[in-house]
Amino acid sequence: MRLVTATGLVKSYGSGRAARRVLDGADLEVHAGELVAIVGPSGCGKSTLLHLLGGLDLPDEGSVELGGRRLERETARGLTELRRDYVGFVFQFFHLIPELTGEENVLLPARLAADRRAATRRGRKLIADLGLSEAARRRPGELSGGEQQRLSIARALVNDPRVLLADEPTGNLDEESGHHVLGLLRSLASGERAVVLVTHDAEAARIADRVLRVQRGRLEE
Amino acid sequence: MTLPGGLTASVRRLRVHPGRTLIAALGIAAAAAMLGAAVTVAYGLHTGFDRSARRADLPDVIARFDDQPQQRVDARLRTLPNLRARSYRREFTGVPLDANGHASQNGVLQAVGGGRRGYAIVAGRDLRRPDEAVGERGVAREWNISVGQRIGIGNARLRVVGVAVSPDNVAFPLAKGPRVYVSQSALSPRIGTRVNIALIWLNDPSLLDQTLTQARAASFGVGGLRFLTRAGVRTTIDQAAGIVIALLVAFSVVALCSAGVMLMASAQAEVERRLQGIGVMRAIGFSPRAVVGQHVLDAGVLALPAGAAGIAAGALVASRPSANLLESINELPPGAALLGPLALALLLVVLLVAGSAALPAWRAARRPVVSVLRRGELAPVSRASRFPAGFLGMGMRLTAARRGRAFATVAVLTISAAVVLAMLGMATLLNGLRNDPGLVGKRYQLTVNAPASEVAAIRRVPGVQAAAPRYVLFAADSFLLGESLKVVAYPGDHTPFEDPPLASGRRLRSNGEAEVGTGIADALGVRPGSELAIELPSGREVRFRVTGLVRAFDNDGRVVYTRPARLLAADPSLTGEIAVKLAPGADQRAVARRLFAGGHPAQRITGGTTRNASFLSVLAALLRAVALVDGLVCLYILVQALALTARERRSTIAVLRASGAGRREVLLVLAGAALVVVLAAAPAAVLLELAVLGPAVSHLAASYVSLPLHARAGQVAIVVGALLVLAVAAAALAGRRLQREPVVAGLRSD
């Protein structure tokens, strides 16, 4: 089952002579149960591609179809709904809110869910399954990088998204923590869910079902 | 680095973030504008009388008496050893005046002789010929009279050659009648050289009392002699608008404090924005002193133009209303003399901003470098959070995490909201002074101009609860003749009719006793047990034993309550009126109609300290406008605080949006961030106004009386409600910008 389809994506930054086209006709399809790794040198447009896939930004040209809906045709409200129900994000710098405890951070998206109770139950189960019961009681400043990243993965999964987009999830972790996180992501890419991973990590590339390289603004296998 | 080099570097740094610099500059300009307006109003009003008296060459004493030949009066005056100069006038009241379609039957015509004038020409020139007239500025303004036009004086039409100002009385229309000056030679063929006013300038004004005693001794045969000293003139003007001026000056003091706190908070916020920059500077080897120096320089470079613009704007905005107010009391605006105080205010702004930047910069520069680099000031709230769950509570936590800023924002908002409440309280008080006699301690509602023998008949009128003869006269202290006072006398207990609160001592019980208002008691140094000697207009002296001091509002507290027996013994011609107190629930108009039907036309008592009700209305409206402006300052404070929070928390908001939070949730977070400030500031503002600001302004305005200067419950509800609305409005404003940017822009901000 096809979850994500991107066609002819073009994205530029800057204007005039300083304009730089980081994506230049990138195409991509992601299917359920897949773990897709996107690799490439720094500044090649990997993160930009991930942002476009998740509706965090809009392409200059081309289209992204997510769950049968074309993002460029969606209103701001429609994009918000898609992000809430269909996509989960994991960031390199975790982006946990420092004032909230681990559990409060994980359960934050549950407040947005249509079935809040079910989402809360799921969030608590994720905390337990990921071995984060102790970390969930603390605030982010008191946790290790690995714990923070696992909490951010739990937060991304609370609303049971079909697509999990992870931007350099191991970029800020030591080797052991990175190994754990990648194992977790691998296990999540199953059934009706897909994971798209942007990484520099060679191990990440090894565990992926497909590895795509961004070159000259396009994706190559 | 040299100073010019440092300045250039500062300008360059400020230009890196033009939006942020603009916000900081706007904050400084807003506070400076408040300061500029406050300085303009306070300086203009505080120095208005002395400035105008100097410019007008106001005499040290104005003597009024029944018509006398000028030579006769002059012969007496020449004998005074302290006399430096004198001139004479003949005053006519009730003169019909008309010009430009306006007319008055209450005109005051003063025929001026040679010598010093005692007024300042502010347009055109002085009198030279018999067919010329000089109009007082009040009438020129109200009737749109310009130099060269003609004014009708009785049957004659004279050419207006000049406009004059003399602060010996308030201006028309605050004064009862319009005043016009003509040359004595214009009237002398008809009236000869008879005069009824002498303007007296002294060699040594500190010997005023001795000179007045000598003048009185030399005045044998001159009837109806009354002296009005400069202090007396000031009191006369204060009677018209003194409480209002005092309130405005008091407000200016409050505005100064408010602006100071705002400037400090603004400067502190600017340093907080730059914490990471401070960390980087320290990491690459800058000393704490260099860091502080740079921030002080940056703050100064920003504060100088922003402060100058703000002060200029505030002065411009306030100068017109202030000049109008001064005009209405016959005083002159300060003109270029205001530049000095405004320059001092600008210096204060720059020093305050630079000092406020130095302190947090010093604190930050002294902290461990790594802590500053991590923006380590974030102080997580305790785990047992008292904030509600949900997005609203989350916003509250975001604000509370910055304890220093949250405290400063709450403090500034508290002061601003308290000032709004104080302004509304003042406006209500002014309305009350105009409409409610009870507010100034008067318990009677009507007066009847009738002899004391009619009291019994008036008491029988349905709706009248009590009636009593009331005698009023203006006298002077026997030892300090410059100190004028108002004597109010009732045959029995005065408290059913006038009930000023007793400050000390006891109420009077016999004919030889008196209660003295604290306004005059302070000036004369009398206390319960002292003897008070007063000189009546007839020149007779009467003495009383002071039994108590009262907080009387009337006549700025320069009032004496007593019984009339000794006054009538000294001056049997003294006549009074009858004060009428209505029965509870009685209709004032109906009772007045019944009194009229019984041959006793009654006059309604209002509460005003001024004879001009519209004047009080204008000032009440002015105060409400100031409250509104201050409300906008509250909005600015909230928007600035939220803008800072939103800027710092772009990534947090972006994560929320990436997780599916929409416009509503973002708005709730920002509203929570603003509401926590409002919820802390609102009760604090009410308490501040009730316990500190109201009493302080009341004391500054009129220490001789307890003014009920607190906001009413309805006003408190309106202000608190408005603050809540402002919080939501500020959240909407801040939220709009966040919603417009792509989610990814917020994620990149870390």
# chains A, B, ... in the order shown; residues from 1 in each chain; ligands from 1

call {"tool": "interface_residues", "arguments": {"of": "chain B", "to": "chain A", "cutoff": "8 Å", "atoms": "only C-alpha atoms", "output": "ChimeraX atom specification"}}
result
/B:380-381,390,397-398,401,651-652,655-662,742-744

call {"tool": "write_last_selection", "arguments": {"atoms": "N, CA, C and O atoms", "output": "CSV table (one decimal), in the first residue's frame"}}
result
chain,number,residue,atom,x,y,z
B,380,PRO,N,13.0,26.0,35.5
B,380,PRO,CA,11.8,25.1,35.4
B,380,PRO,C,10.9,25.3,36.6
B,380,PRO,O,11.4,25.4,37.7
B,381,VAL,N,9.6,25.3,36.4
B,381,VAL,CA,8.7,25.4,37.5
B,381,VAL,C,8.7,24.1,38.3
B,381,VAL,O,9.2,23.1,37.8
B,390,GLY,N,-3.4,21.1,30.0
B,390,GLY,CA,-3.8,21.7,28.7
B,390,GLY,C,-2.9,22.8,28.2
B,390,GLY,O,-1.9,23.1,28.8
B,397,ARG,N,3.1,28.0,32.0
B,397,ARG,CA,4.4,27.4,32.4
B,397,ARG,C,5.5,28.1,31.6
B,397,ARG,O,6.6,28.4,32.1
B,398,LEU,N,5.3,28.4,30.3
B,398,LEU,CA,6.3,29.0,29.5
B,398,LEU,C,6.7,30.4,30.1
B,398,LEU,O,7.9,30.7,30.1
B,401,ALA,N,8.5,30.1,33.5
B,401,ALA,CA,9.9,29.6,33.4
B,401,ALA,C,10.9,30.7,33.4
B,401,ALA,O,12.1,30.5,33.8
B,651,SER,N,10.6,27.2,18.5
B,651,SER,CA,10.7,25.7,18.3
B,651,SER,C,9.7,25.0,19.0
B,651,SER,O,9.1,24.0,18.5
B,652,THR,N,9.3,25.4,20.2
B,652,THR,CA,8.3,24.7,21.0
B,652,THR,C,7.0,24.8,20.2
B,652,THR,O,6.2,23.8,20.1
B,655,VAL,N,7.1,22.6,17.2
B,655,VAL,CA,6.9,21.2,17.5
B,655,VAL,C,5.4,20.9,17.7
B,655,VAL,O,4.9,19.9,17.2
B,656,LEU,N,4.7,21.8,18.4
B,656,LEU,CA,3.3,21.7,18.6
B,656,LEU,C,2.6,21.6,17.3
B,656,LEU,O,1.7,20.8,17.0
B,657,ARG,N,2.9,22.6,16.4
B,657,ARG,CA,2.3,22.6,15.1
B,657,ARG,C,2.6,21.3,14.3
B,657,ARG,O,1.8,20.8,13.6
B,658,ALA,N,3.9,20.9,14.4
B,658,ALA,CA,4.3,19.7,13.7
B,658,ALA,C,3.5,18.5,14.2
B,658,ALA,O,3.2,17.5,13.5
B,659,SER,N,3.1,18.5,15.5
B,659,SER,CA,2.3,17.4,16.1
B,659,SER,C,0.9,17.5,15.8
B,659,SER,O,0.1,16.7,16.2
B,660,GLY,N,0.5,18.6,15.1
B,660,GLY,CA,-0.9,18.7,14.7
B,660,GLY,C,-1.7,19.8,15.4
B,660,GLY,O,-2.9,19.8,15.3
B,661,ALA,N,-1.0,20.6,16.2
B,661,ALA,CA,-1.7,21.7,16.8
B,661,ALA,C,-2.1,22.8,15.8
B,661,ALA,O,-1.3,23.2,15.0
B,662,GLY,N,-3.3,23.3,15.9
B,662,GLY,CA,-3.8,24.3,14.9
B,662,GLY,C,-3.7,25.6,15.5
B,662,GLY,O,-3.1,25.9,16.6
B,742,PRO,N,6.2,29.2,8.0
B,742,PRO,CA,6.2,27.8,7.9
B,742,PRO,C,6.6,27.1,9.2
B,742,PRO,O,7.5,27.6,9.9
B,743,VAL,N,6.1,25.9,9.5
B,743,VAL,CA,6.5,25.2,10.7
B,743,VAL,C,8.0,25.0,10.7
B,743,VAL,O,8.6,25.2,11.8
B,744,VAL,N,8.5,24.7,9.6
B,744,VAL,CA,9.9,24.4,9.6
B,744,VAL,C,10.8,25.6,10.0
B,744,VAL,O,11.9,25.4,10.5

call {"tool": "residues_around", "arguments": {"residues": "region 180-183 of chain A", "least_positions_apart": "3", "cutoff": "8 Å", "atoms": "only C-alpha atoms", "output": "JSON, numbers by chain"}}
result
{"A": [146, 149, 150, 169, 170, 176, 177, 186, 187, 204]}

call {"tool": "residues_around", "arguments": {"residues": "Glu65 (chain A)", "least_positions_apart": "5", "cutoff": "6 Å", "atoms": "only C-alpha atoms", "output": "mmCIF file with all heavy atoms, in the first residue's frame"}}
result
data_model
loop_
_atom_site.group_PDB
_atom_site.id
_atom_site.type_symbol
_atom_site.label_atom_id
_atom_site.label_comp_id
_atom_site.auth_asym_id
_atom_site.auth_seq_id
_atom_site.Cartn_x
_atom_site.Cartn_y
_atom_site.Cartn_z
ATOM 1 N N VAL A 4 3.037 7.374 0.805
ATOM 2 C CA VAL A 4 3.549 8.693 0.414
ATOM 3 C C VAL A 4 3.960 8.654 -1.054
ATOM 4 O O VAL A 4 4.633 7.711 -1.474
ATOM 5 C CB VAL A 4 4.791 9.093 1.249
ATOM 6 C CG1 VAL A 4 5.288 10.495 0.862
ATOM 7 C CG2 VAL A 4 4.511 9.023 2.727
ATOM 8 N N THR A 5 3.526 9.700 -1.794
ATOM 9 C CA THR A 5 3.995 9.832 -3.167
ATOM 10 C C THR A 5 4.441 11.275 -3.387
ATOM 11 O O THR A 5 3.648 12.200 -3.188
ATOM 12 C CB THR A 5 2.864 9.522 -4.177
ATOM 13 O OG1 THR A 5 2.317 8.250 -3.848
ATOM 14 C CG2 THR A 5 3.403 9.521 -5.599
ATOM 15 N N ARG A 70 -3.582 15.516 -1.601
ATOM 16 C CA ARG A 70 -2.489 16.317 -2.168
ATOM 17 C C ARG A 70 -2.214 17.517 -1.245
ATOM 18 O O ARG A 70 -3.091 18.363 -1.048
ATOM 19 C CB ARG A 70 -2.880 16.823 -3.566
ATOM 20 C CG ARG A 70 -3.062 15.718 -4.594
ATOM 21 C CD ARG A 70 -1.742 15.380 -5.267
ATOM 22 N NE ARG A 70 -1.282 16.457 -6.112
ATOM 23 C CZ ARG A 70 -1.564 16.569 -7.413
ATOM 24 N NH1 ARG A 70 -2.332 15.661 -8.007
ATOM 25 N NH2 ARG A 70 -1.092 17.585 -8.116
#

call {"tool": "select_by_dssp", "arguments": {"residues": "region 52-152 of chain A", "states": "strand (DSSP E or B)", "output": "list in words"}}
result
Glu61, Gly62, Ser63, Val64, Glu65, Leu66, Arg69, Arg70, Val87, Gly88, Phe89 and Val90 of chain A

call {"tool": "atom_distance", "arguments": {"atom1": "CA of Glu454 (chain B)", "atom2": "CA of His494 (chain B)"}}
result
18.3 Å

call {"tool": "select_by_dssp", "arguments": {"residues": "region 14-172 of chain A", "states": "alpha helix (DSSP H)", "output": "VMD selection string"}}
result
chain A and resid 46 to 53 76 to 85 102 to 106 116 to 129 145 to 157

call {"tool": "write_last_selection", "arguments": {"atoms": "C-alpha atoms", "output": "CSV table (one decimal), in the first residue's frame"}}
result
chain,number,residue,atom,x,y,z
A,46,LYS,CA,17.6,15.7,2.8
A,47,SER,CA,15.9,17.5,5.7
A,48,THR,CA,14.1,19.8,3.2
A,49,LEU,CA,12.6,16.7,1.5
A,50,LEU,CA,11.5,15.3,4.9
A,51,HIS,CA,9.8,18.6,5.7
A,52,LEU,CA,8.0,18.7,2.4
A,53,LEU,CA,6.8,15.1,2.9
A,76,ALA,CA,-3.7,25.3,6.7
A,77,ARG,CA,-6.4,23.5,8.6
A,78,GLY,CA,-6.2,20.4,6.4
A,79,LEU,CA,-2.4,20.3,6.7
A,80,THR,CA,-2.8,20.6,10.5
A,81,GLU,CA,-5.2,17.6,10.4
A,82,LEU,CA,-2.8,15.6,8.3
A,83,ARG,CA,0.1,16.3,10.7
A,84,ARG,CA,-2.1,15.4,13.7
A,85,ASP,CA,-3.5,12.1,12.3
A,102,GLY,CA,8.9,13.3,30.0
A,103,GLU,CA,5.4,11.9,30.2
A,104,GLU,CA,3.8,15.3,29.6
A,105,ASN,CA,6.0,15.7,26.5
A,106,VAL,CA,4.9,12.3,25.2
A,116,ARG,CA,-8.0,11.6,23.7
A,117,ARG,CA,-8.3,8.7,26.2
A,118,ALA,CA,-7.2,6.1,23.7
A,119,ALA,CA,-4.2,8.3,22.7
A,120,THR,CA,-3.3,8.8,26.3
A,121,ARG,CA,-3.5,5.0,27.0
A,122,ARG,CA,-1.3,4.4,23.9
A,123,GLY,CA,1.2,7.0,25.1
A,124,ARG,CA,1.5,5.4,28.5
A,125,LYS,CA,1.9,2.0,27.0
A,126,LEU,CA,4.7,3.3,24.7
A,127,ILE,CA,6.5,4.8,27.7
A,128,ALA,CA,6.4,1.4,29.4
A,129,ASP,CA,7.3,-0.6,26.3
A,145,GLY,CA,20.3,12.1,24.8
A,146,GLY,CA,19.2,8.5,24.2
A,147,GLU,CA,16.3,8.8,26.7
A,148,GLN,CA,15.3,12.1,25.2
A,149,GLN,CA,15.3,10.7,21.7
A,150,ARG,CA,13.2,7.7,22.7
A,151,LEU,CA,10.8,10.0,24.4
A,152,SER,CA,10.5,12.0,21.2
A,153,ILE,CA,9.8,8.8,19.3
A,154,ALA,CA,7.1,7.9,21.8
A,155,ARG,CA,5.6,11.4,21.3
A,156,ALA,CA,5.7,10.9,17.5
A,157,LEU,CA,3.8,7.6,17.9

call {"tool": "closest_residue", "arguments": {"among": "A:Ile38, A:Leu143, A:Val22, A:Leu107", "to": "Ala208 (chain A)", "atoms": "only C-alpha atoms"}}
result
A:Ile38

call {"tool": "residues_around", "arguments": {"residues": "Arg213 (chain A)", "least_positions_apart": "6", "cutoff": "8 Å", "atoms": "only C-alpha atoms", "output": "ChimeraX atom specification"}}
result
/A:38-40,219-221

call {"tool": "write_last_selection", "arguments": {"atoms": "N, CA and C atoms", "output": "PDB file, in the first residue's frame"}}
result
ATOM      1  N   ILE A  38      17.208   7.996   3.675  1.00  0.00           N
ATOM      2  CA  ILE A  38      17.641   8.991   2.685  1.00  0.00           C
ATOM      3  C   ILE A  38      18.993   9.515   3.139  1.00  0.00           C
ATOM      4  N   VAL A  39      19.972   9.375   2.295  1.00  0.00           N
ATOM      5  CA  VAL A  39      21.326   9.793   2.658  1.00  0.00           C
ATOM      6  C   VAL A  39      21.848  10.817   1.654  1.00  0.00           C
ATOM      7  N   GLY A  40      22.942  11.431   2.031  1.00  0.00           N
ATOM      8  CA  GLY A  40      23.554  12.414   1.138  1.00  0.00           C
ATOM      9  C   GLY A  40      24.395  13.376   1.944  1.00  0.00           C
ATOM     10  N   LEU A 219      16.516  12.120  -6.249  1.00  0.00           N
ATOM     11  CA  LEU A 219      16.739  10.919  -5.444  1.00  0.00           C
ATOM     12  C   LEU A 219      17.151   9.771  -6.339  1.00  0.00           C
ATOM     13  N   GLU A 220      18.234   9.106  -5.898  1.00  0.00           N
ATOM     14  CA  GLU A 220      18.709   7.963  -6.673  1.00  0.00           C
ATOM     15  C   GLU A 220      18.848   6.773  -5.742  1.00  0.00           C
ATOM     16  N   GLU A 221      18.506   5.557  -6.210  1.00  0.00           N
ATOM     17  CA  GLU A 221      18.633   4.340  -5.373  1.00  0.00           C
ATOM     18  C   GLU A 221      20.082   3.875  -5.377  1.00  0.00           C
TER      19      GLU A 221
END

call {"tool": "atom_distance", "arguments": {"atom1": "CA of Ile278 (chain B)", "atom2": "CA of Leu644 (chain B)"}}
result
17.4 Å
